[in-house]
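Participant: File entry07.tsv follows (TSV, N, CA and C atoms):
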```tsv
chain	number	residue	atom	x	y	z
A	1	GLN	N	-20.62	8.49	8.10
A	1	GLN	CA	-20.03	7.26	8.61
A	1	GLN	C	-18.66	7.56	9.19
A	2	VAL	N	-18.37	6.98	10.31
A	2	VAL	CA	-17.10	7.21	10.96
A	2	VAL	C	-16.03	6.40	10.25
A	3	GLN	N	-14.97	7.06	9.80
A	3	GLN	CA	-13.90	6.36	9.12
A	3	GLN	C	-12.59	7.09	9.32
A	4	PRO	N	-11.45	6.37	9.21
A	4	PRO	CA	-10.16	7.03	9.34
A	4	PRO	C	-9.82	7.79	8.06
A	5	VAL	N	-8.84	8.68	8.18
A	5	VAL	CA	-8.40	9.50	7.05
A	5	VAL	C	-6.90	9.31	6.87
A	6	GLU	N	-6.50	8.88	5.67
A	6	GLU	CA	-5.09	8.69	5.37
A	6	GLU	C	-4.49	9.96	4.77
A	7	SER	N	-3.20	10.14	4.99
A	7	SER	CA	-2.47	11.25	4.39
A	7	SER	C	-1.01	10.87	4.28
A	8	GLY	N	-0.25	11.69	3.53
A	8	GLY	CA	1.19	11.50	3.45
A	8	GLY	C	1.68	10.84	2.18
A	9	GLY	N	0.79	10.44	1.32
A	9	GLY	CA	1.23	9.83	0.08
A	9	GLY	C	1.87	10.83	-0.85
A	10	GLY	N	2.46	10.33	-1.93
A	10	GLY	CA	3.10	11.21	-2.90
A	10	GLY	C	3.98	10.45	-3.84
A	11	LEU	N	4.78	11.20	-4.58
A	11	LEU	CA	5.72	10.64	-5.55
A	11	LEU	C	7.13	10.70	-4.97
A	12	VAL	N	7.83	9.58	-5.03
A	12	VAL	CA	9.17	9.52	-4.48
A	12	VAL	C	10.03	8.62	-5.36
A	13	GLN	N	11.31	8.89	-5.38
A	13	GLN	CA	12.22	8.05	-6.15
A	13	GLN	C	12.55	6.77	-5.39
A	14	ALA	N	12.91	5.77	-6.12
A	14	ALA	CA	13.31	4.51	-5.49
A	14	ALA	C	14.44	4.77	-4.49
A	15	GLY	N	14.34	4.14	-3.35
A	15	GLY	CA	15.30	4.33	-2.28
A	15	GLY	C	14.88	5.39	-1.28
A	16	GLY	N	13.86	6.15	-1.62
A	16	GLY	CA	13.39	7.22	-0.74
A	16	GLY	C	12.46	6.74	0.34
A	17	SER	N	11.92	7.70	1.08
A	17	SER	CA	11.06	7.40	2.22
A	17	SER	C	9.80	8.25	2.19
A	18	LEU	N	8.76	7.71	2.78
A	18	LEU	CA	7.52	8.44	3.01
A	18	LEU	C	6.96	8.00	4.36
A	19	ARG	N	6.22	8.89	4.99
A	19	ARG	CA	5.50	8.51	6.20
A	19	ARG	C	4.02	8.77	5.99
A	20	LEU	N	3.26	7.69	6.02
A	20	LEU	CA	1.82	7.79	5.91
A	20	LEU	C	1.20	7.93	7.30
A	21	SER	N	0.11	8.66	7.35
A	21	SER	CA	-0.60	8.82	8.61
A	21	SER	C	-2.05	8.40	8.44
A	22	CYS	N	-2.57	7.81	9.48
A	22	CYS	CA	-3.98	7.43	9.53
A	22	CYS	C	-4.56	8.09	10.77
A	23	THR	N	-5.43	9.04	10.58
A	23	THR	CA	-5.98	9.81	11.69
A	23	THR	C	-7.44	9.43	11.90
A	24	PHE	N	-7.76	9.22	13.16
A	24	PHE	CA	-9.11	8.77	13.48
A	24	PHE	C	-9.94	9.91	14.04
A	25	PRO	N	-11.22	9.95	13.72
A	25	PRO	CA	-12.08	10.92	14.38
A	25	PRO	C	-12.16	10.59	15.87
A	26	THR	N	-12.52	11.56	16.64
A	26	THR	CA	-12.47	11.40	18.10
A	26	THR	C	-13.36	10.27	18.59
A	27	ARG	N	-14.34	9.87	17.80
A	27	ARG	CA	-15.22	8.78	18.21
A	27	ARG	C	-14.54	7.43	18.13
A	28	ILE	N	-13.37	7.37	17.48
A	28	ILE	CA	-12.63	6.11	17.38
A	28	ILE	C	-11.33	6.27	18.16
A	29	SER	N	-11.14	5.44	19.13
A	29	SER	CA	-9.91	5.50	19.90
A	29	SER	C	-8.74	4.98	19.08
A	30	VAL	N	-7.58	5.60	19.27
A	30	VAL	CA	-6.39	5.14	18.57
A	30	VAL	C	-5.95	3.77	19.07
A	31	VAL	N	-6.46	3.36	20.22
A	31	VAL	CA	-6.09	2.05	20.77
A	31	VAL	C	-7.08	1.03	20.24
A	32	ASN	N	-6.84	0.59	19.06
A	32	ASN	CA	-7.64	-0.44	18.42
A	32	ASN	C	-6.72	-1.22	17.50
A	33	HIS	N	-7.22	-2.31	16.99
A	33	HIS	CA	-6.48	-2.98	15.92
A	33	HIS	C	-6.47	-2.06	14.71
A	34	VAL	N	-5.29	-1.82	14.17
A	34	VAL	CA	-5.15	-0.97	12.99
A	34	VAL	C	-4.29	-1.72	11.98
A	35	ALA	N	-4.66	-1.63	10.73
A	35	ALA	CA	-3.91	-2.30	9.68
A	35	ALA	C	-3.77	-1.40	8.47
A	36	TRP	N	-2.69	-1.59	7.75
A	36	TRP	CA	-2.48	-0.93	6.47
A	36	TRP	C	-2.54	-1.98	5.37
A	37	TYR	N	-3.20	-1.62	4.29
A	37	TYR	CA	-3.26	-2.44	3.09
A	37	TYR	C	-2.88	-1.55	1.90
A	38	ARG	N	-2.60	-2.18	0.80
A	38	ARG	CA	-2.32	-1.41	-0.42
A	38	ARG	C	-2.88	-2.15	-1.62
A	39	GLN	N	-3.11	-1.37	-2.67
A	39	GLN	CA	-3.64	-1.96	-3.90
A	39	GLN	C	-2.97	-1.29	-5.08
A	40	ALA	N	-2.26	-2.10	-5.86
A	40	ALA	CA	-1.64	-1.62	-7.08
A	40	ALA	C	-2.62	-1.78	-8.24
A	41	PRO	N	-2.46	-0.98	-9.29
A	41	PRO	CA	-3.38	-1.08	-10.44
A	41	PRO	C	-3.45	-2.50	-10.98
A	42	GLY	N	-4.65	-3.01	-11.13
A	42	GLY	CA	-4.84	-4.34	-11.68
A	42	GLY	C	-4.66	-5.47	-10.69
A	43	ASN	N	-4.30	-5.12	-9.46
A	43	ASN	CA	-4.08	-6.15	-8.44
A	43	ASN	C	-5.13	-6.07	-7.35
A	44	GLU	N	-5.23	-7.14	-6.59
A	44	GLU	CA	-6.12	-7.13	-5.44
A	44	GLU	C	-5.45	-6.40	-4.27
A	45	ARG	N	-6.28	-5.97	-3.35
A	45	ARG	CA	-5.75	-5.30	-2.17
A	45	ARG	C	-4.94	-6.31	-1.34
A	46	GLU	N	-3.77	-5.89	-0.88
A	46	GLU	CA	-2.91	-6.80	-0.13
A	46	GLU	C	-2.54	-6.20	1.22
A	47	TYR	N	-2.34	-7.08	2.16
A	47	TYR	CA	-1.98	-6.70	3.52
A	47	TYR	C	-0.56	-6.17	3.56
A	48	VAL	N	-0.33	-5.13	4.40
A	48	VAL	CA	1.00	-4.55	4.54
A	48	VAL	C	1.51	-4.68	5.97
A	49	ALA	N	0.72	-4.18	6.94
A	49	ALA	CA	1.20	-4.16	8.32
A	49	ALA	C	0.02	-4.06	9.27
A	50	ARG	N	0.28	-4.42	10.54
A	50	ARG	CA	-0.77	-4.43	11.54
A	50	ARG	C	-0.22	-4.01	12.89
A	51	LEU	N	-1.05	-3.31	13.67
A	51	LEU	CA	-0.69	-2.89	15.03
A	51	LEU	C	-1.84	-3.28	15.95
A	52	THR	N	-1.52	-4.04	17.00
A	52	THR	CA	-2.58	-4.49	17.91
A	52	THR	C	-2.74	-3.48	19.06
A	53	PRO	N	-3.84	-3.58	19.81
A	53	PRO	CA	-4.01	-2.68	20.96
A	53	PRO	C	-2.88	-2.80	21.98
A	54	GLY	N	-2.28	-3.97	22.08
A	54	GLY	CA	-1.17	-4.16	23.01
A	54	GLY	C	0.15	-3.67	22.49
A	55	GLY	N	0.19	-3.22	21.25
A	55	GLY	CA	1.43	-2.68	20.69
A	55	GLY	C	2.23	-3.65	19.84
A	56	SER	N	1.73	-4.88	19.68
A	56	SER	CA	2.44	-5.82	18.82
A	56	SER	C	2.28	-5.41	17.36
A	57	THR	N	3.32	-5.69	16.59
A	57	THR	CA	3.31	-5.34	15.17
A	57	THR	C	3.54	-6.58	14.32
A	58	ASP	N	3.08	-6.49	13.10
A	58	ASP	CA	3.27	-7.57	12.13
A	58	ASP	C	3.37	-6.95	10.76
A	59	TYR	N	4.19	-7.56	9.90
A	59	TYR	CA	4.42	-7.03	8.57
A	59	TYR	C	4.37	-8.14	7.54
A	60	SER	N	3.99	-7.77	6.33
A	60	SER	CA	4.08	-8.73	5.25
A	60	SER	C	5.55	-8.93	4.92
A	61	ASP	N	5.86	-10.06	4.34
A	61	ASP	CA	7.26	-10.35	4.01
A	61	ASP	C	7.83	-9.33	3.03
A	62	SER	N	6.99	-8.77	2.17
A	62	SER	CA	7.47	-7.86	1.15
A	62	SER	C	7.93	-6.51	1.72
A	63	VAL	N	7.50	-6.17	2.93
A	63	VAL	CA	7.89	-4.87	3.50
A	63	VAL	C	8.69	-5.01	4.79
A	64	LYS	N	8.82	-6.21	5.29
A	64	LYS	CA	9.51	-6.44	6.56
A	64	LYS	C	10.94	-5.90	6.49
A	65	GLY	N	11.31	-5.14	7.49
A	65	GLY	CA	12.65	-4.55	7.54
A	65	GLY	C	12.73	-3.19	6.88
A	66	ARG	N	11.70	-2.81	6.15
A	66	ARG	CA	11.71	-1.50	5.47
A	66	ARG	C	10.61	-0.58	6.01
A	67	PHE	N	9.48	-1.14	6.40
A	67	PHE	CA	8.34	-0.37	6.90
A	67	PHE	C	8.21	-0.54	8.40
A	68	SER	N	7.65	0.49	9.04
A	68	SER	CA	7.43	0.44	10.48
A	68	SER	C	6.11	1.11	10.82
A	69	ILE	N	5.28	0.44	11.60
A	69	ILE	CA	3.99	0.97	12.00
A	69	ILE	C	4.05	1.40	13.46
A	70	SER	N	3.47	2.55	13.77
A	70	SER	CA	3.53	3.06	15.13
A	70	SER	C	2.29	3.88	15.44
A	71	ARG	N	2.06	4.09	16.72
A	71	ARG	CA	0.88	4.81	17.17
A	71	ARG	C	1.30	6.12	17.82
A	72	GLU	N	0.60	7.20	17.53
A	72	GLU	CA	0.85	8.49	18.16
A	72	GLU	C	-0.43	8.93	18.87
A	73	TYR	N	-0.44	8.74	20.17
A	73	TYR	CA	-1.66	8.99	20.95
A	73	TYR	C	-2.10	10.44	20.89
A	74	ALA	N	-1.14	11.36	20.98
A	74	ALA	CA	-1.48	12.78	21.05
A	74	ALA	C	-2.26	13.25	19.83
A	75	LYS	N	-2.01	12.61	18.68
A	75	LYS	CA	-2.69	13.01	17.45
A	75	LYS	C	-3.75	12.00	17.02
A	76	ASN	N	-4.02	11.03	17.90
A	76	ASN	CA	-5.02	10.01	17.58
A	76	ASN	C	-4.75	9.41	16.20
A	77	SER	N	-3.49	9.08	15.98
A	77	SER	CA	-3.06	8.64	14.66
A	77	SER	C	-2.19	7.40	14.74
A	78	VAL	N	-2.14	6.70	13.64
A	78	VAL	CA	-1.19	5.61	13.43
A	78	VAL	C	-0.39	5.93	12.17
A	79	HIS	N	0.91	5.73	12.24
A	79	HIS	CA	1.78	6.07	11.12
A	79	HIS	C	2.39	4.82	10.50
A	80	LEU	N	2.69	4.93	9.23
A	80	LEU	CA	3.43	3.89	8.54
A	80	LEU	C	4.66	4.54	7.93
A	81	GLN	N	5.81	4.31	8.55
A	81	GLN	CA	7.07	4.83	8.04
A	81	GLN	C	7.59	3.86	6.99
A	82	MET	N	7.82	4.36	5.78
A	82	MET	CA	8.24	3.52	4.68
A	82	MET	C	9.61	3.98	4.20
A	83	ASN	N	10.60	3.13	4.38
A	83	ASN	CA	11.97	3.42	3.95
A	83	ASN	C	12.39	2.46	2.85
A	84	GLY	N	13.41	2.83	2.11
A	84	GLY	CA	13.90	1.95	1.07
A	84	GLY	C	12.83	1.59	0.05
A	85	LEU	N	12.06	2.57	-0.35
A	85	LEU	CA	10.93	2.30	-1.25
A	85	LEU	C	11.42	1.81	-2.61
A	86	ILE	N	10.66	0.89	-3.17
A	86	ILE	CA	10.93	0.33	-4.48
A	86	ILE	C	9.70	0.51	-5.36
A	87	PRO	N	9.85	0.46	-6.68
A	87	PRO	CA	8.68	0.66	-7.55
A	87	PRO	C	7.51	-0.28	-7.24
A	88	GLU	N	7.82	-1.46	-6.77
A	88	GLU	CA	6.76	-2.42	-6.45
A	88	GLU	C	5.91	-1.98	-5.26
A	89	ASP	N	6.33	-0.96	-4.55
A	89	ASP	CA	5.53	-0.43	-3.44
A	89	ASP	C	4.45	0.54	-3.92
A	90	THR	N	4.45	0.85	-5.19
A	90	THR	CA	3.46	1.77	-5.75
A	90	THR	C	2.05	1.22	-5.59
A	91	GLY	N	1.14	2.12	-5.20
A	91	GLY	CA	-0.25	1.72	-5.07
A	91	GLY	C	-1.00	2.70	-4.19
A	92	VAL	N	-2.27	2.42	-4.00
A	92	VAL	CA	-3.08	3.19	-3.07
A	92	VAL	C	-3.02	2.49	-1.72
A	93	TYR	N	-2.66	3.23	-0.70
A	93	TYR	CA	-2.51	2.68	0.64
A	93	TYR	C	-3.74	3.04	1.47
A	94	TYR	N	-4.30	2.00	2.08
A	94	TYR	CA	-5.52	2.15	2.87
A	94	TYR	C	-5.25	1.81	4.33
A	95	CYS	N	-5.85	2.59	5.19
A	95	CYS	CA	-5.82	2.32	6.62
A	95	CYS	C	-7.16	1.72	7.03
A	96	SER	N	-7.10	0.77	7.92
A	96	SER	CA	-8.32	0.16	8.42
A	96	SER	C	-8.24	0.02	9.93
A	97	VAL	N	-9.31	0.37	10.64
A	97	VAL	CA	-9.33	0.28	12.09
A	97	VAL	C	-10.55	-0.52	12.51
A	98	TYR	N	-10.35	-1.38	13.52
A	98	TYR	CA	-11.46	-2.20	14.01
A	98	TYR	C	-12.18	-1.44	15.10
A	99	ASN	N	-13.44	-1.14	14.86
A	99	ASN	CA	-14.20	-0.32	15.80
A	99	ASN	C	-15.67	-0.76	15.79
A	100	ALA	N	-16.22	-0.91	16.96
A	100	ALA	CA	-17.65	-1.25	17.11
A	100	ALA	C	-18.02	-2.47	16.28
A	101	GLY	N	-17.17	-3.47	16.31
A	101	GLY	CA	-17.50	-4.74	15.67
A	101	GLY	C	-17.29	-4.80	14.18
A	102	ALA	N	-16.63	-3.80	13.62
A	102	ALA	CA	-16.41	-3.83	12.17
A	102	ALA	C	-15.11	-3.11	11.83
A	103	TRP	N	-14.55	-3.46	10.69
A	103	TRP	CA	-13.38	-2.76	10.18
A	103	TRP	C	-13.86	-1.54	9.41
A	104	ARG	N	-13.26	-0.42	9.76
A	104	ARG	CA	-13.59	0.85	9.10
A	104	ARG	C	-12.45	1.23	8.20
A	105	TRP	N	-12.75	1.54	6.95
A	105	TRP	CA	-11.71	1.82	5.95
A	105	TRP	C	-11.69	3.28	5.59
A	106	GLY	N	-10.48	3.78	5.34
A	106	GLY	CA	-10.33	5.12	4.82
A	106	GLY	C	-10.44	5.12	3.30
A	107	GLN	N	-10.27	6.29	2.72
A	107	GLN	CA	-10.39	6.44	1.26
A	107	GLN	C	-9.10	6.14	0.53
A	108	GLY	N	-8.00	6.08	1.26
A	108	GLY	CA	-6.73	5.74	0.65
A	108	GLY	C	-5.89	6.95	0.29
A	109	THR	N	-4.58	6.72	0.18
A	109	THR	CA	-3.65	7.75	-0.26
A	109	THR	C	-2.69	7.12	-1.25
A	110	GLN	N	-2.41	7.83	-2.33
A	110	GLN	CA	-1.60	7.28	-3.43
A	110	GLN	C	-0.11	7.40	-3.12
A	111	VAL	N	0.59	6.31	-3.33
A	111	VAL	CA	2.05	6.28	-3.23
A	111	VAL	C	2.59	5.83	-4.58
A	112	THR	N	3.49	6.63	-5.14
A	112	THR	CA	4.10	6.29	-6.42
A	112	THR	C	5.60	6.35	-6.27
A	113	VAL	N	6.26	5.23	-6.59
A	113	VAL	CA	7.72	5.14	-6.49
A	113	VAL	C	8.28	5.02	-7.89
A	114	SER	N	9.09	5.98	-8.27
A	114	SER	CA	9.68	5.97	-9.61
A	114	SER	C	11.04	5.29	-9.58
A	115	SER	N	11.37	4.66	-10.68
A	115	SER	CA	12.65	3.94	-10.75
A	115	SER	C	13.77	4.84	-11.25
```
Do you think you could lay out the structure here as structure tokens?

Facilitator:
Amino acid sequence: QVQPVESGGGLVQAGGSLRLSCTFPTRISVVNHVAWYRQAPGNEREYVARLTPGGSTDYSDSVKGRFSISREYAKNSVHLQMNGLIPEDTGVYYCSVYNAGAWRWGQGTQVTVSS
């Protein structure tokens, strides 16, 4: 099944930064609706950020001003730059891309922010 692949997660101290990447197989164009979600232990998956084919961005209130989503055409990837991380940002981060009439989900990458 065609799906994106997330990378870049890890352990970081509060106030630090991480850059997550979502790389698509060549069968999926990077010019699609792409979204990041996250899921903390015991919680439901929640929306984080979105990038439209036209380049518009949207963020949840909890990450606005700290996270930035961008597209890198050369690597067929979408990145999520996360600055000013707080412990509440801990969770598994998932990338989702809209392709061929459906949202395709990656396996996720773990982000842990220590206090």

Participant: Which residues, written as a compact mmCIF listing (two decimals) with N, CA and C atoms, in the coordinates of the input, have at least one atom at most 12 Å from Ser68 in chain A, with only C-alpha atoms counted and residues fewer than 2 positions away on the same chain left out?

Facilitator:
```txt
# COMPACT_ATOMS: atom_id res chain seq x y z
N SER A 17 11.92 7.70 1.08
CA SER A 17 11.06 7.40 2.22
C SER A 17 9.80 8.25 2.19
N LEU A 18 8.76 7.71 2.78
CA LEU A 18 7.52 8.44 3.01
C LEU A 18 6.96 8.00 4.36
N ARG A 19 6.22 8.89 4.99
CA ARG A 19 5.50 8.51 6.20
C ARG A 19 4.02 8.77 5.99
N LEU A 20 3.26 7.69 6.02
CA LEU A 20 1.82 7.79 5.91
C LEU A 20 1.20 7.93 7.30
N SER A 21 0.11 8.66 7.35
CA SER A 21 -0.60 8.82 8.61
C SER A 21 -2.05 8.40 8.44
N ALA A 35 -4.66 -1.63 10.73
CA ALA A 35 -3.91 -2.30 9.68
C ALA A 35 -3.77 -1.40 8.47
N TRP A 36 -2.69 -1.59 7.75
CA TRP A 36 -2.48 -0.93 6.47
C TRP A 36 -2.54 -1.98 5.37
N VAL A 48 -0.33 -5.13 4.40
CA VAL A 48 1.00 -4.55 4.54
C VAL A 48 1.51 -4.68 5.97
N ALA A 49 0.72 -4.18 6.94
CA ALA A 49 1.20 -4.16 8.32
C ALA A 49 0.02 -4.06 9.27
N ARG A 50 0.28 -4.42 10.54
CA ARG A 50 -0.77 -4.43 11.54
C ARG A 50 -0.22 -4.01 12.89
N LEU A 51 -1.05 -3.31 13.67
CA LEU A 51 -0.69 -2.89 15.03
C LEU A 51 -1.84 -3.28 15.95
N SER A 56 1.73 -4.88 19.68
CA SER A 56 2.44 -5.82 18.82
C SER A 56 2.28 -5.41 17.36
N THR A 57 3.32 -5.69 16.59
CA THR A 57 3.31 -5.34 15.17
C THR A 57 3.54 -6.58 14.32
N ASP A 58 3.08 -6.49 13.10
CA ASP A 58 3.27 -7.57 12.13
C ASP A 58 3.37 -6.95 10.76
N TYR A 59 4.19 -7.56 9.90
CA TYR A 59 4.42 -7.03 8.57
C TYR A 59 4.37 -8.14 7.54
N SER A 60 3.99 -7.77 6.33
CA SER A 60 4.08 -8.73 5.25
C SER A 60 5.55 -8.93 4.92
N VAL A 63 7.50 -6.17 2.93
CA VAL A 63 7.89 -4.87 3.50
C VAL A 63 8.69 -5.01 4.79
N LYS A 64 8.82 -6.21 5.29
CA LYS A 64 9.51 -6.44 6.56
C LYS A 64 10.94 -5.90 6.49
N GLY A 65 11.31 -5.14 7.49
CA GLY A 65 12.65 -4.55 7.54
C GLY A 65 12.73 -3.19 6.88
N ARG A 66 11.70 -2.81 6.15
CA ARG A 66 11.71 -1.50 5.47
C ARG A 66 10.61 -0.58 6.01
N SER A 70 3.47 2.55 13.77
CA SER A 70 3.53 3.06 15.13
C SER A 70 2.29 3.88 15.44
N ARG A 71 2.06 4.09 16.72
CA ARG A 71 0.88 4.81 17.17
C ARG A 71 1.30 6.12 17.82
N VAL A 78 -2.14 6.70 13.64
CA VAL A 78 -1.19 5.61 13.43
C VAL A 78 -0.39 5.93 12.17
N HIS A 79 0.91 5.73 12.24
CA HIS A 79 1.78 6.07 11.12
C HIS A 79 2.39 4.82 10.50
N LEU A 80 2.69 4.93 9.23
CA LEU A 80 3.43 3.89 8.54
C LEU A 80 4.66 4.54 7.93
N GLN A 81 5.81 4.31 8.55
CA GLN A 81 7.07 4.83 8.04
C GLN A 81 7.59 3.86 6.99
N MET A 82 7.82 4.36 5.78
CA MET A 82 8.24 3.52 4.68
C MET A 82 9.61 3.98 4.20
N ASN A 83 10.60 3.13 4.38
CA ASN A 83 11.97 3.42 3.95
C ASN A 83 12.39 2.46 2.85
N GLY A 84 13.41 2.83 2.11
CA GLY A 84 13.90 1.95 1.07
C GLY A 84 12.83 1.59 0.05
```

Participant: Out of A:Tyr47, A:Val12, A:Cys22, A:Gly42, which residue has the shortest atom-to-atom distance to Ser114 in chain A when counting all atoms listed in the file?

Facilitator: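 Comparing A:Tyr47, A:Val12, A:Cys22, A:Gly42 against Ser114 in chain A, the winner is A:Val12.
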
Participant: Work out how far apart atom C of His33 in chain A and atom N of Glu6 in chain A are and give it in Å to one decimal.

Facilitator: 14.2 Å

Participant: Quick one: pick out all strand (DSSP E) residues within chain A from a backbone DSSP run and write them as a ChimeraX atom specification.

Facilitator: /A:5-7,10-13,18-23,34-39,46-51,57-59,67-72,77-82,91-99,102-105,109-114

Participant: Rounded to one decimal in Å, what is the spacing between atom C of Val97 in chain A and atom N of Asn43 in chain A?

Facilitator: 23.3 Å

Participant: Using all atoms listed in the file, can you tell me which of A:Val111, A:Val30, A:Asn99, A:Ile86 comes closest to Glu72 in chain A?

Facilitator: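 When distances to Glu72 in chain A are compared using all atoms listed in the file, the smallest one comes from A:Val30.
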
Participant: Between A:Gly91, A:Thr109, A:Arg104, A:Tyr98, which is the closest to Gln39 in chain A once you count only C-alpha atoms?

Facilitator: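 Checking each candidate against Gln39 in chain A, we get A:Gly91 as the closest.
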
Participant: What gap, in Å, lies between atom N of Trp103 in chain A and CA of Asn76 in chain A?

Facilitator: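 Going from atom N of Trp103 in chain A over to CA of Asn76 in chain A, I get 17.9 Å.
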